[in-house]
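As stored in model_0.txt (compact mmCIF, C-alpha atoms):
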```
# COMPACT_ATOMS: atom_id res chain seq x y z
CA MET A 1 50.11 61.01 101.97
CA ILE A 2 51.97 60.07 105.16
CA GLN A 3 52.74 62.96 107.46
CA SER A 4 55.83 63.27 109.64
CA SER A 5 56.51 65.83 112.28
CA SER A 6 59.09 68.37 111.21
CA SER A 7 60.17 69.37 114.66
CA PRO A 8 60.80 67.48 117.86
CA SER A 9 59.21 70.30 119.75
CA ALA A 10 55.98 69.14 118.19
CA LEU A 11 56.48 65.79 119.89
CA THR A 12 57.60 66.86 123.36
CA PRO A 13 57.31 70.11 125.33
CA ALA A 14 60.34 72.31 125.79
CA ILE A 15 62.25 72.07 129.08
CA PRO A 16 62.58 75.32 131.05
CA GLY A 17 65.78 76.30 132.82
CA ALA A 18 68.29 75.51 130.07
CA THR A 19 71.52 77.52 129.84
CA SER A 20 74.61 77.40 127.64
CA LYS A 21 76.19 75.26 130.37
CA SER A 22 73.52 72.62 129.73
CA PHE A 23 74.75 72.16 126.17
CA LEU A 24 78.37 72.26 127.35
CA ALA A 25 77.67 69.38 129.73
CA LEU A 26 76.22 67.29 126.90
CA ALA A 27 79.18 68.16 124.66
CA MET A 28 81.63 67.10 127.38
CA GLY A 29 80.11 63.63 127.25
CA GLY A 30 80.51 63.62 123.48
CA PHE A 31 84.16 64.60 123.90
CA GLY A 32 84.84 61.70 126.26
CA ILE A 33 83.03 59.20 124.03
CA GLY A 34 84.86 60.40 120.92
CA MET A 35 88.17 60.17 122.70
CA THR A 36 87.71 56.61 123.97
CA GLU A 37 86.38 55.34 120.64
CA PHE A 38 89.29 56.58 118.53
CA VAL A 39 92.33 56.86 120.82
CA ILE A 40 92.81 53.09 120.90
CA MET A 41 93.50 53.08 117.15
CA GLY A 42 96.80 54.88 117.64
CA LEU A 43 97.76 52.70 120.61
CA LEU A 44 97.25 49.23 119.12
CA PRO A 45 101.00 48.45 118.87
CA ASN A 46 101.45 49.44 122.53
CA VAL A 47 98.48 47.36 123.66
CA ALA A 48 99.68 44.38 121.62
CA HIS A 49 103.20 44.58 123.06
CA HIS A 50 102.02 44.94 126.67
CA LEU A 51 99.50 42.08 126.49
CA ASN A 52 101.79 39.89 124.36
CA ILE A 53 99.28 39.57 121.50
CA THR A 54 99.39 40.40 117.79
CA ILE A 55 98.25 43.75 116.43
CA PRO A 56 95.27 42.12 114.60
CA GLU A 57 94.24 40.56 117.93
CA ALA A 58 94.54 43.96 119.57
CA GLY A 59 92.28 45.27 116.81
CA HIS A 60 89.54 43.01 118.15
CA VAL A 61 89.35 45.44 121.08
CA ILE A 62 87.98 48.06 118.66
CA SER A 63 85.38 45.62 117.35
CA SER A 64 84.41 44.70 120.90
CA TYR A 65 83.71 48.35 121.72
CA ALA A 66 81.68 48.79 118.52
CA LEU A 67 79.62 45.69 119.38
CA GLY A 68 78.92 47.21 122.77
CA VAL A 69 77.62 50.36 121.07
CA VAL A 70 75.27 48.39 118.81
CA VAL A 71 73.94 46.26 121.70
CA GLY A 72 73.75 48.99 124.30
CA ALA A 73 72.12 51.73 122.24
CA PRO A 74 68.63 50.20 122.08
CA LEU A 75 68.94 47.99 125.18
CA LEU A 76 69.87 50.62 127.77
CA THR A 77 67.57 53.23 126.23
CA VAL A 78 64.55 50.92 126.46
CA LEU A 79 65.42 49.68 129.96
CA GLY A 80 65.76 53.29 131.11
CA ALA A 81 62.62 54.57 129.39
CA LYS A 82 60.66 54.85 132.65
CA TYR A 83 63.27 57.06 134.28
CA SER A 84 63.90 60.77 133.98
CA ALA A 85 66.11 61.59 130.99
CA LYS A 86 68.50 63.47 133.30
CA ASN A 87 68.85 60.51 135.64
CA LEU A 88 69.33 58.20 132.66
CA LEU A 89 72.12 60.43 131.33
CA LEU A 90 73.79 60.37 134.76
CA PHE A 91 73.56 56.58 134.91
CA LEU A 92 74.95 56.17 131.39
CA MET A 93 77.89 58.48 132.05
CA ALA A 94 78.60 56.74 135.36
CA LEU A 95 78.77 53.41 133.50
CA PHE A 96 81.00 55.00 130.87
CA THR A 97 83.35 56.35 133.55
CA LEU A 98 83.50 53.07 135.44
CA PHE A 99 84.30 50.79 132.53
CA ASN A 100 86.81 53.13 130.95
CA GLY A 101 88.53 53.29 134.32
CA VAL A 102 88.67 49.52 134.71
CA SER A 103 89.89 49.23 131.09
CA ALA A 104 93.13 50.74 132.39
CA LEU A 105 93.37 47.85 134.87
CA ALA A 106 93.04 45.07 132.27
CA THR A 107 95.84 42.54 132.58
CA ASP A 108 95.13 40.30 129.60
CA TYR A 109 93.43 40.15 126.21
CA TYR A 110 90.15 38.72 127.48
CA SER A 111 89.62 41.16 130.32
CA LEU A 112 90.36 44.11 128.02
CA MET A 113 87.88 42.76 125.45
CA LEU A 114 85.21 42.49 128.15
CA PHE A 115 85.86 45.94 129.61
CA ARG A 116 85.84 47.60 126.18
CA PHE A 117 82.54 45.90 125.34
CA MET A 118 81.06 47.19 128.61
CA ALA A 119 82.49 50.68 127.98
CA GLY A 120 80.73 50.73 124.59
CA LEU A 121 77.29 49.92 126.00
CA PRO A 122 76.39 53.49 127.14
CA HIS A 123 77.87 55.17 124.02
CA GLY A 124 74.85 55.04 121.70
CA ALA A 125 72.29 55.43 124.46
CA TYR A 126 74.04 58.59 125.71
CA PHE A 127 73.98 60.21 122.30
CA GLY A 128 70.39 59.08 121.72
CA VAL A 129 69.04 60.40 125.00
CA GLY A 130 71.32 63.46 124.82
CA ALA A 131 70.05 64.38 121.35
CA VAL A 132 66.44 64.32 122.54
CA VAL A 133 67.33 66.33 125.65
CA ALA A 134 69.28 68.87 123.58
CA SER A 135 66.36 69.30 121.17
CA ARG A 136 63.98 69.91 124.10
CA LEU A 137 66.37 72.38 125.73
CA ALA A 138 66.61 74.36 122.49
CA LYS A 139 64.71 77.44 121.48
CA PRO A 140 61.95 76.75 118.91
CA GLY A 141 63.42 76.35 115.44
CA LYS A 142 66.94 75.71 116.78
CA GLU A 143 66.58 72.01 117.63
CA ALA A 144 69.07 70.71 115.06
CA SER A 145 71.69 73.29 116.09
CA ALA A 146 71.23 72.16 119.70
CA VAL A 147 71.86 68.54 118.70
CA ALA A 148 74.90 69.74 116.73
CA SER A 149 76.28 71.47 119.82
CA MET A 150 76.34 68.13 121.62
CA LEU A 151 77.96 66.38 118.66
CA THR A 152 80.74 68.98 118.45
CA GLY A 153 82.24 67.31 121.50
CA LEU A 154 82.74 64.18 119.40
CA THR A 155 84.56 66.02 116.61
CA ILE A 156 86.66 68.20 118.93
CA ALA A 157 87.82 64.98 120.54
CA ASN A 158 89.37 63.99 117.21
CA VAL A 159 91.20 67.32 116.99
CA VAL A 160 92.39 67.62 120.60
CA GLY A 161 91.54 64.63 122.79
CA VAL A 162 92.68 61.78 120.55
CA PRO A 163 96.12 63.27 119.66
CA LEU A 164 96.70 64.17 123.33
CA GLY A 165 95.54 60.77 124.56
CA THR A 166 97.70 59.02 121.97
CA TYR A 167 100.75 61.00 123.02
CA VAL A 168 100.19 60.26 126.70
CA GLY A 169 99.47 56.59 125.95
CA VAL A 170 102.64 56.16 123.91
CA ARG A 171 104.79 58.15 126.34
CA PHE A 172 103.54 56.79 129.68
CA GLY A 173 101.58 53.63 128.83
CA TRP A 174 98.31 52.98 126.98
CA GLN A 175 96.44 52.61 130.28
CA TRP A 176 96.80 56.34 130.99
CA ALA A 177 94.74 57.19 127.92
CA PHE A 178 91.77 55.41 129.49
CA VAL A 179 92.47 57.08 132.83
CA MET A 180 92.18 60.41 131.02
CA VAL A 181 88.85 59.31 129.52
CA ALA A 182 87.59 58.27 132.96
CA VAL A 183 88.50 61.72 134.33
CA VAL A 184 86.53 63.34 131.50
CA GLY A 185 83.61 61.01 132.29
CA LEU A 186 83.69 61.96 135.97
CA ALA A 187 83.76 65.68 135.13
CA THR A 188 80.87 65.16 132.70
CA THR A 189 78.80 63.38 135.35
CA MET A 190 79.25 66.30 137.72
CA ALA A 191 78.42 68.80 134.95
CA LEU A 192 75.27 66.92 133.94
CA LYS A 193 74.09 66.84 137.56
CA SER A 194 74.71 70.57 138.04
CA TRP A 195 73.79 72.07 134.65
CA ILE A 196 70.98 69.96 133.17
CA PRO A 197 67.59 71.13 134.48
CA ALA A 198 65.06 68.73 135.96
CA ILE A 199 63.33 66.67 133.29
CA PRO A 200 60.01 65.00 134.10
CA LYS A 201 59.55 61.30 133.46
CA ASN A 202 57.33 60.10 130.65
CA PRO A 203 54.44 58.40 132.52
CA THR A 204 53.38 56.38 129.47
CA ALA A 205 56.84 55.03 128.66
CA SER A 206 57.28 51.26 128.75
CA PHE A 207 59.32 48.52 127.11
CA LYS A 208 56.36 47.67 124.86
CA SER A 209 55.45 51.24 123.94
CA GLU A 210 59.03 52.11 122.96
CA PHE A 211 59.19 49.28 120.44
CA LYS A 212 56.02 50.44 118.70
CA ILE A 213 58.16 52.91 116.74
CA PHE A 214 59.37 50.03 114.56
CA ARG A 215 55.90 49.83 113.02
CA ASN A 216 56.68 53.11 111.27
CA PHE A 217 58.10 52.28 107.84
CA ASN A 218 59.56 55.78 107.57
CA LEU A 219 61.83 54.98 110.52
CA TRP A 220 63.23 51.98 108.64
CA ILE A 221 64.00 54.25 105.70
CA CYS A 222 65.86 56.58 108.08
CA ILE A 223 67.83 53.60 109.40
CA VAL A 224 68.90 52.69 105.84
CA ILE A 225 69.83 56.32 105.13
CA THR A 226 71.97 56.41 108.26
CA ALA A 227 73.67 53.03 107.92
CA ILE A 228 74.34 53.02 104.17
CA GLY A 229 74.33 56.69 103.21
CA PHE A 230 76.61 57.73 106.04
CA GLY A 231 78.60 54.51 105.60
CA GLY A 232 80.16 56.12 102.54
CA PHE A 233 82.18 58.30 104.90
CA PHE A 234 83.73 55.22 106.52
CA ALA A 235 84.68 53.74 103.13
CA TRP A 236 86.82 56.88 102.74
CA ILE A 237 88.17 57.39 106.27
CA SER A 238 89.01 53.70 106.82
CA TYR A 239 91.62 53.81 104.05
CA ILE A 240 92.69 57.44 104.21
CA ALA A 241 96.17 56.70 105.59
CA PRO A 242 97.27 54.37 102.76
CA LEU A 243 95.52 56.65 100.26
CA LEU A 244 97.63 59.58 101.42
CA THR A 245 100.92 57.66 101.59
CA ASP A 246 100.58 55.47 98.47
CA VAL A 247 98.63 57.69 96.08
CA THR A 248 99.08 61.28 97.28
CA LYS A 249 102.67 60.55 98.38
CA VAL A 250 102.36 62.20 101.77
CA SER A 251 105.12 61.43 104.27
CA PRO A 252 103.92 58.97 106.95
CA GLU A 253 105.10 61.38 109.66
CA MET A 254 102.64 63.98 108.32
CA ILE A 255 99.55 61.75 108.47
CA PRO A 256 98.54 62.90 112.01
CA LEU A 257 98.44 66.52 110.81
CA TRP A 258 96.23 65.56 107.88
CA MET A 259 93.92 63.75 110.30
CA VAL A 260 93.72 66.89 112.44
CA LEU A 261 92.73 68.77 109.26
CA ALA A 262 89.93 66.24 108.71
CA GLY A 263 88.88 66.69 112.34
CA VAL A 264 88.69 70.47 111.97
CA GLY A 265 86.52 69.98 108.89
CA MET A 266 84.28 67.61 110.84
CA THR A 267 83.83 70.14 113.63
CA ALA A 268 82.89 72.87 111.16
CA GLY A 269 80.55 70.44 109.42
CA ILE A 270 78.62 69.56 112.57
CA ILE A 271 77.82 73.23 113.20
CA PHE A 272 76.99 73.88 109.53
CA GLY A 273 74.72 70.83 109.32
CA GLY A 274 72.75 71.88 112.38
CA LYS A 275 72.13 75.37 111.05
CA LEU A 276 71.17 74.02 107.62
CA ALA A 277 68.66 71.58 109.11
CA ASP A 278 67.08 74.35 111.18
CA ARG A 279 66.81 76.57 108.10
CA PHE A 280 65.48 74.11 105.53
CA SER A 281 64.21 71.06 107.52
CA ALA A 282 66.16 67.95 108.42
CA LEU A 283 65.20 65.94 105.33
CA LYS A 284 66.09 68.64 102.79
CA ALA A 285 69.38 69.26 104.59
CA ALA A 286 70.17 65.52 104.61
CA ILE A 287 69.57 65.23 100.87
CA ALA A 288 71.67 68.30 100.07
CA LEU A 289 74.53 67.23 102.33
CA MET A 290 74.60 63.61 101.11
CA THR A 291 74.72 64.93 97.56
CA ALA A 292 77.61 67.22 98.46
CA MET A 293 79.32 64.31 100.23
CA MET A 294 78.98 62.10 97.15
CA LEU A 295 80.55 64.79 94.97
CA MET A 296 83.40 65.32 97.46
CA LEU A 297 84.15 61.58 97.46
CA ILE A 298 84.23 61.44 93.67
CA LEU A 299 86.55 64.45 93.52
CA SER A 300 88.73 63.01 96.29
CA SER A 301 89.27 59.89 94.20
CA LEU A 302 89.93 61.74 90.95
CA LEU A 303 92.32 64.27 92.54
CA ALA A 304 94.08 61.88 94.92
CA GLU A 305 97.44 62.24 93.11
CA TYR A 306 97.61 65.99 93.77
CA GLN A 307 98.66 67.05 97.26
CA VAL A 308 97.21 70.57 97.26
CA ALA A 309 93.87 69.40 95.90
CA THR A 310 93.79 66.47 98.33
CA PHE A 311 94.58 68.83 101.21
CA VAL A 312 91.46 70.81 100.38
CA MET A 313 89.37 67.67 99.79
CA VAL A 314 90.31 66.14 103.16
CA PHE A 315 88.87 69.21 104.90
CA LEU A 316 85.76 69.40 102.70
CA THR A 317 85.04 65.66 102.81
CA GLY A 318 85.31 65.62 106.59
CA MET A 319 83.11 68.70 106.76
CA PHE A 320 80.27 67.45 104.54
CA ALA A 321 80.43 63.97 106.07
CA MET A 322 79.82 65.13 109.63
CA ALA A 323 77.40 67.85 108.53
CA GLN A 324 74.99 65.00 107.82
CA CYS A 325 74.87 63.97 111.49
CA PRO A 326 72.51 66.64 112.92
CA PRO A 327 69.83 66.32 110.19
CA VAL A 328 70.03 62.51 110.21
CA GLN A 329 69.72 62.48 114.01
CA MET A 330 66.70 64.78 113.73
CA LEU A 331 65.10 62.49 111.14
CA LEU A 332 65.36 59.57 113.54
CA ILE A 333 63.75 61.61 116.33
CA GLN A 334 60.98 62.94 114.09
CA ASN A 335 60.06 59.47 112.87
CA SER A 336 60.02 57.85 116.33
CA GLN A 337 56.92 59.42 117.85
CA GLY A 338 56.25 57.86 121.24
CA GLY A 339 59.79 56.48 121.51
CA GLU A 340 62.03 59.38 120.56
CA MET A 341 64.93 58.37 122.80
CA LEU A 342 65.00 54.84 121.38
CA GLY A 343 64.77 56.15 117.82
CA SER A 344 67.51 58.66 118.47
CA SER A 345 69.78 56.05 120.04
CA LEU A 346 69.52 53.98 116.87
CA GLY A 347 71.63 56.64 115.17
CA GLN A 348 74.84 55.54 116.87
CA ALA A 349 74.05 51.87 116.26
CA CYS A 350 73.48 52.68 112.58
CA PHE A 351 76.69 54.71 112.39
CA ASN A 352 78.62 51.69 113.67
CA VAL A 353 76.88 49.44 111.15
CA GLY A 354 77.89 51.99 108.51
CA ASN A 355 81.43 51.85 109.87
CA SER A 356 81.58 48.09 109.32
CA LEU A 357 79.86 48.24 105.92
CA GLY A 358 82.02 51.09 104.66
CA ALA A 359 85.26 49.43 105.72
CA PHE A 360 84.22 46.05 104.27
CA LEU A 361 82.79 47.27 100.95
CA GLY A 362 85.56 49.82 100.53
CA GLY A 363 88.13 47.06 100.88
CA LEU A 364 86.67 44.87 98.12
CA PRO A 365 88.29 46.79 95.20
CA LEU A 366 91.65 46.51 96.96
CA VAL A 367 91.36 42.72 97.05
CA ILE A 368 91.15 42.58 93.27
CA GLY A 369 94.03 44.97 92.73
CA TYR A 370 92.60 48.48 92.46
CA SER A 371 94.41 51.44 94.05
CA TYR A 372 93.62 53.02 97.41
CA ALA A 373 91.59 55.66 95.56
CA ALA A 374 88.94 53.02 94.77
CA PRO A 375 87.35 52.76 98.25
CA THR A 376 86.46 56.45 97.98
CA LEU A 377 84.36 55.72 94.88
CA VAL A 378 82.65 52.90 96.78
CA GLY A 379 81.82 55.48 99.42
CA ALA A 380 80.30 57.73 96.75
CA MET A 381 78.04 54.88 95.61
CA MET A 382 76.95 54.26 99.21
CA SER A 383 76.09 57.95 99.53
CA LEU A 384 74.04 57.67 96.34
CA VAL A 385 72.02 54.85 97.89
CA GLY A 386 71.35 57.08 100.89
CA ILE A 387 70.19 59.89 98.59
CA VAL A 388 67.76 57.58 96.78
CA PHE A 389 66.19 56.46 100.06
CA ALA A 390 66.03 60.05 101.29
CA PHE A 391 64.00 60.98 98.20
CA ILE A 392 61.74 57.99 98.84
CA LEU A 393 61.17 59.35 102.35
CA MET A 394 60.51 62.81 100.94
CA LYS A 395 57.88 61.38 98.61
CA ARG A 396 56.19 59.48 101.45
CA VAL A 397 56.18 62.47 103.79
CA SER A 398 55.14 65.36 101.55
CA GLY A 399 54.92 64.20 97.97
CA TRP A 400 56.94 67.22 96.81
CA PHE A 401 60.51 68.25 97.49
CA TRP A 402 59.70 71.92 98.06
CA VAL A 403 57.05 71.30 100.73
CA ARG A 404 58.55 71.85 104.18
```
Using structure tokens, write down the structure from this file.
Amino acid sequence: MIQSSSSPSALTPAIPGATSKSFLALAMGGFGIGMTEFVIMGLLPNVAHHLNITIPEAGHVISSYALGVVVGAPLLTVLGAKYSAKNLLLFLMALFTLFNGVSALATDYYSLMLFRFMAGLPHGAYFGVGAVVASRLAKPGKEASAVASMLTGLTIANVVGVPLGTYVGVRFGWQWAFVMVAVVGLATTMALKSWIPAIPKNPTASFKSEFKIFRNFNLWICIVITAIGFGGFFAWISYIAPLLTDVTKVSPEMIPLWMVLAGVGMTAGIIFGGKLADRFSALKAAIALMTAMMLMLILSSLLAEYQVATFVMVFLTGMFAMAQCPPVQMLLIQNSQGGEMLGSSLGQACFNVGNSLGAFLGGLPLVIGYSYAAPTLVGAMMSLVGIVFAFILMKRVSGWFWVR
């Protein structure tokens, strides 16, 4: 029977001197990252018009940022392994601030592509390092809730930051949205410096030692769970606008309000998922939440024609989708002994892989003529795959579901 640590505190000692401001500083970074990742989606027509390119070409800017996330998550985490986690967080947020600021200065398609790629590099590494720091700042038994507190910044960005940034970008020019993000990044850097306590360096950390985590087969199972299981969420969210307009018959002008509803559900889900993982262990919580997510996706597809039912399902689907994040992040940390920051940073890379997979697989039924309710069922099947692999991990770790 293969054992796996059930708590990150078992892997690394707690850090003294943490306060509520420490978690606020980490969440501020999550807010800025969430804002820059999603605000561009509502500004594509403005970017395309200003740079004299097509909207599909402007969409490449989103892909460029996502590629930066996938490349930067492991690369910057490994390169910074020898440094204090606090100093690494400061460096990552400084990079984030710089390249979001210069994104506002882009004068053509190619420079914007480059700057967005560079802005994406610190994204995954920040969340990876921040999750480990949050878990070490937490009280014993509250590690997953601490990680959730950092991730709330990401979801609150979708409720407040993205709509505000979109409004400012449309009203005054898309560049000002990135200026706003840079200001958030600067404020976060100052908050991290002031409110995160000193964190000692890991004297044994090295490029070679970090990569030893990939010898752990359980980590690969966690990667599959994250990329495919959570990818079901993206099969739903990628096509939610045409689903609402074509199937549910929601007015296009009302779509932003429905997206805010999804964002509120996501924020509630992050908090709920953290508490559930602390109460029942990360793996049990992940299985329960992926199962709930699969059921929500099935119901969302079956009830898509009914506005009241869909209104409820948008909230619940967003909630159970993001509730998976804290336990999944904890699973990556727990199964990366000796390289927790690298393992944790893989979460964001996997989420972006899931984003691509969900959007691609969800679009296949549309190509052959099915309605916009079909991608949601594809998402349910992806969640089912994640559940199967989670049970495989449960069997490898404990042999029995009810063993903590």
**Asked** Quick one: of A:Cys350, A:Ala94, A:Ala144, A:Ala104, who's nearest to A:Trp176, counting all atoms listed in the file?
**Response**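 For A:Trp176, the nearest of the given residues is A:Ala104.
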Counting all atoms listed in the file, what are the residues of stretch 206-290 of chain A within 6 Å of stretch 318-341 of chain A, and for each of them which pair of atoms is the nearest and at what distance in Å, to one decimal? Sort the table by chain and rising number, as CSV.
```
residue,atom,partner,partner_atom,distance
A:Glu210,CA,A:Gly339,CA,4.7
A:Ile213,CA,A:Ser336,CA,5.3
A:Leu219,CA,A:Asn335,CA,5.4
A:Ala262,CA,A:Gly318,CA,5.1
A:Gly265,CA,A:Met319,CA,4.2
A:Met266,CA,A:Met319,CA,4.4
A:Gly269,CA,A:Met319,CA,4.1
A:Ile270,CA,A:Ala323,CA,4.6
A:Gly273,CA,A:Ala323,CA,4.1
A:Gly274,CA,A:Pro326,CA,5.3
A:Ala277,CA,A:Pro327,CA,5.5
A:Ala282,CA,A:Pro327,CA,4.4
A:Ala286,CA,A:Pro327,CA,5.6
A:Leu289,CA,A:Gln324,CA,5.9
```
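Among A:Gln175, A:Thr107, A:Asn158, A:Thr77, the residue with the shortest atom-to-atom distance to A:Phe31, counting all atoms listed in the file, is A:Asn158.
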**Request:** Considering only C-alpha atoms, return as a list in words whatever protein or nucleic-acid residues lie within 8 Å of stretch 243-246 of chain A, sequence-local ones (same chain, fewer than 5 positions apart) excluded.
**Result:**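 My list of contacting residues is Ser251, Pro252, Ile255, Ala304, Tyr372 and Ala373 of chain A.
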**Item:** Given all atoms listed in the file as the counted atoms, nearest of A:Val308, A:Ile225, A:Met41, A:Leu24 to A:Ser194
**Value:** A:Leu24
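The space between atom CA of A:Thr189 and atom CA of A:Val61 spans 25.2 Å.
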Residues at most 9 Å from A:Val224, counting only C-alpha atoms, excluding those fewer than 2 positions away in the same chain, as a PDB file with C-alpha atoms, in the coordinates of the input?
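Below is the file that was written, around-v1.pdb:
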```pdb
ATOM      1  CA  LEU A 219      61.830  54.980 110.520  1.00  0.00           C
ATOM      2  CA  TRP A 220      63.230  51.980 108.640  1.00  0.00           C
ATOM      3  CA  ILE A 221      64.000  54.250 105.700  1.00  0.00           C
ATOM      4  CA  CYS A 222      65.860  56.580 108.080  1.00  0.00           C
ATOM      5  CA  THR A 226      71.970  56.410 108.260  1.00  0.00           C
ATOM      6  CA  ALA A 227      73.670  53.030 107.920  1.00  0.00           C
ATOM      7  CA  ILE A 228      74.340  53.020 104.170  1.00  0.00           C
ATOM      8  CA  GLY A 229      74.330  56.690 103.210  1.00  0.00           C
ATOM      9  CA  CYS A 350      73.480  52.680 112.580  1.00  0.00           C
ATOM     10  CA  VAL A 385      72.020  54.850  97.890  1.00  0.00           C
ATOM     11  CA  GLY A 386      71.350  57.080 100.890  1.00  0.00           C
ATOM     12  CA  PHE A 389      66.190  56.460 100.060  1.00  0.00           C
TER      13      PHE A 389
END
```
**Item:** Option closest in space to A:Met93, from A:His50, A:Lys193, A:Lys212, A:Lys275 [counting only C-alpha atoms]
**Value:**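 Among the listed residues, the smallest separation from A:Met93 belongs to A:Lys193.
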**Prompt:** What does the distance between atom CA of A:Asp278 and atom CA of A:His123 come to in Å, to one decimal place?
**Reply:**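 Between atom CA of A:Asp278 and atom CA of A:His123 the gap is 25.5 Å.
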**Item:** Selected residue, from A:Ser371, A:Thr267, A:Thr317, A:Thr152, that lies nearest to A:Ile298 when counting all atoms listed in the file
**Value:** A:Thr317
Please define a box with edges along x, y and z of the file around all atoms of stretch 293-299 of chain A given in the file, extend it by 5 Å on each side, and return its centre and edge lengths in Å to one decimal, as AutoDock Vina command-line options.
```
--center_x 82.8 --center_y 63.4 --center_z 96.9 --size_x 17.6 --size_y 13.9 --size_z 16.7
```
**Request:** Please provide as a ChimeraX atom specification all residues within 9 Å of A:Leu261, with the sequence filter that same-chain residues fewer than 5 positions apart are discarded (counting all atoms listed in the file).
**Result:** /A:159,256,266,311,314-315,318
**Asked** How would you write as an MDAnalysis selection string the residues that get within 6 Å of (73.8, 55.7, 121.0) in the file's frame, counting all atoms listed in the file?
**Response** chainID A and resid 73 123:128 345 348
**Request:** Show which residues sit within 8 Å of A:Pro375, as JSON, numbers by chain. Count all atoms listed in the file, and ignore same-chain residues fewer than 5 positions away.
**Result:** {"A": [235, 236, 239, 361, 362, 363, 364, 365, 366]}
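Minimum atom-to-atom distance to A:Lys139, evaluated using all atoms listed in the file, belongs to A:Thr19 out of A:Leu26, A:Ser64, A:Thr19, A:Gly72.
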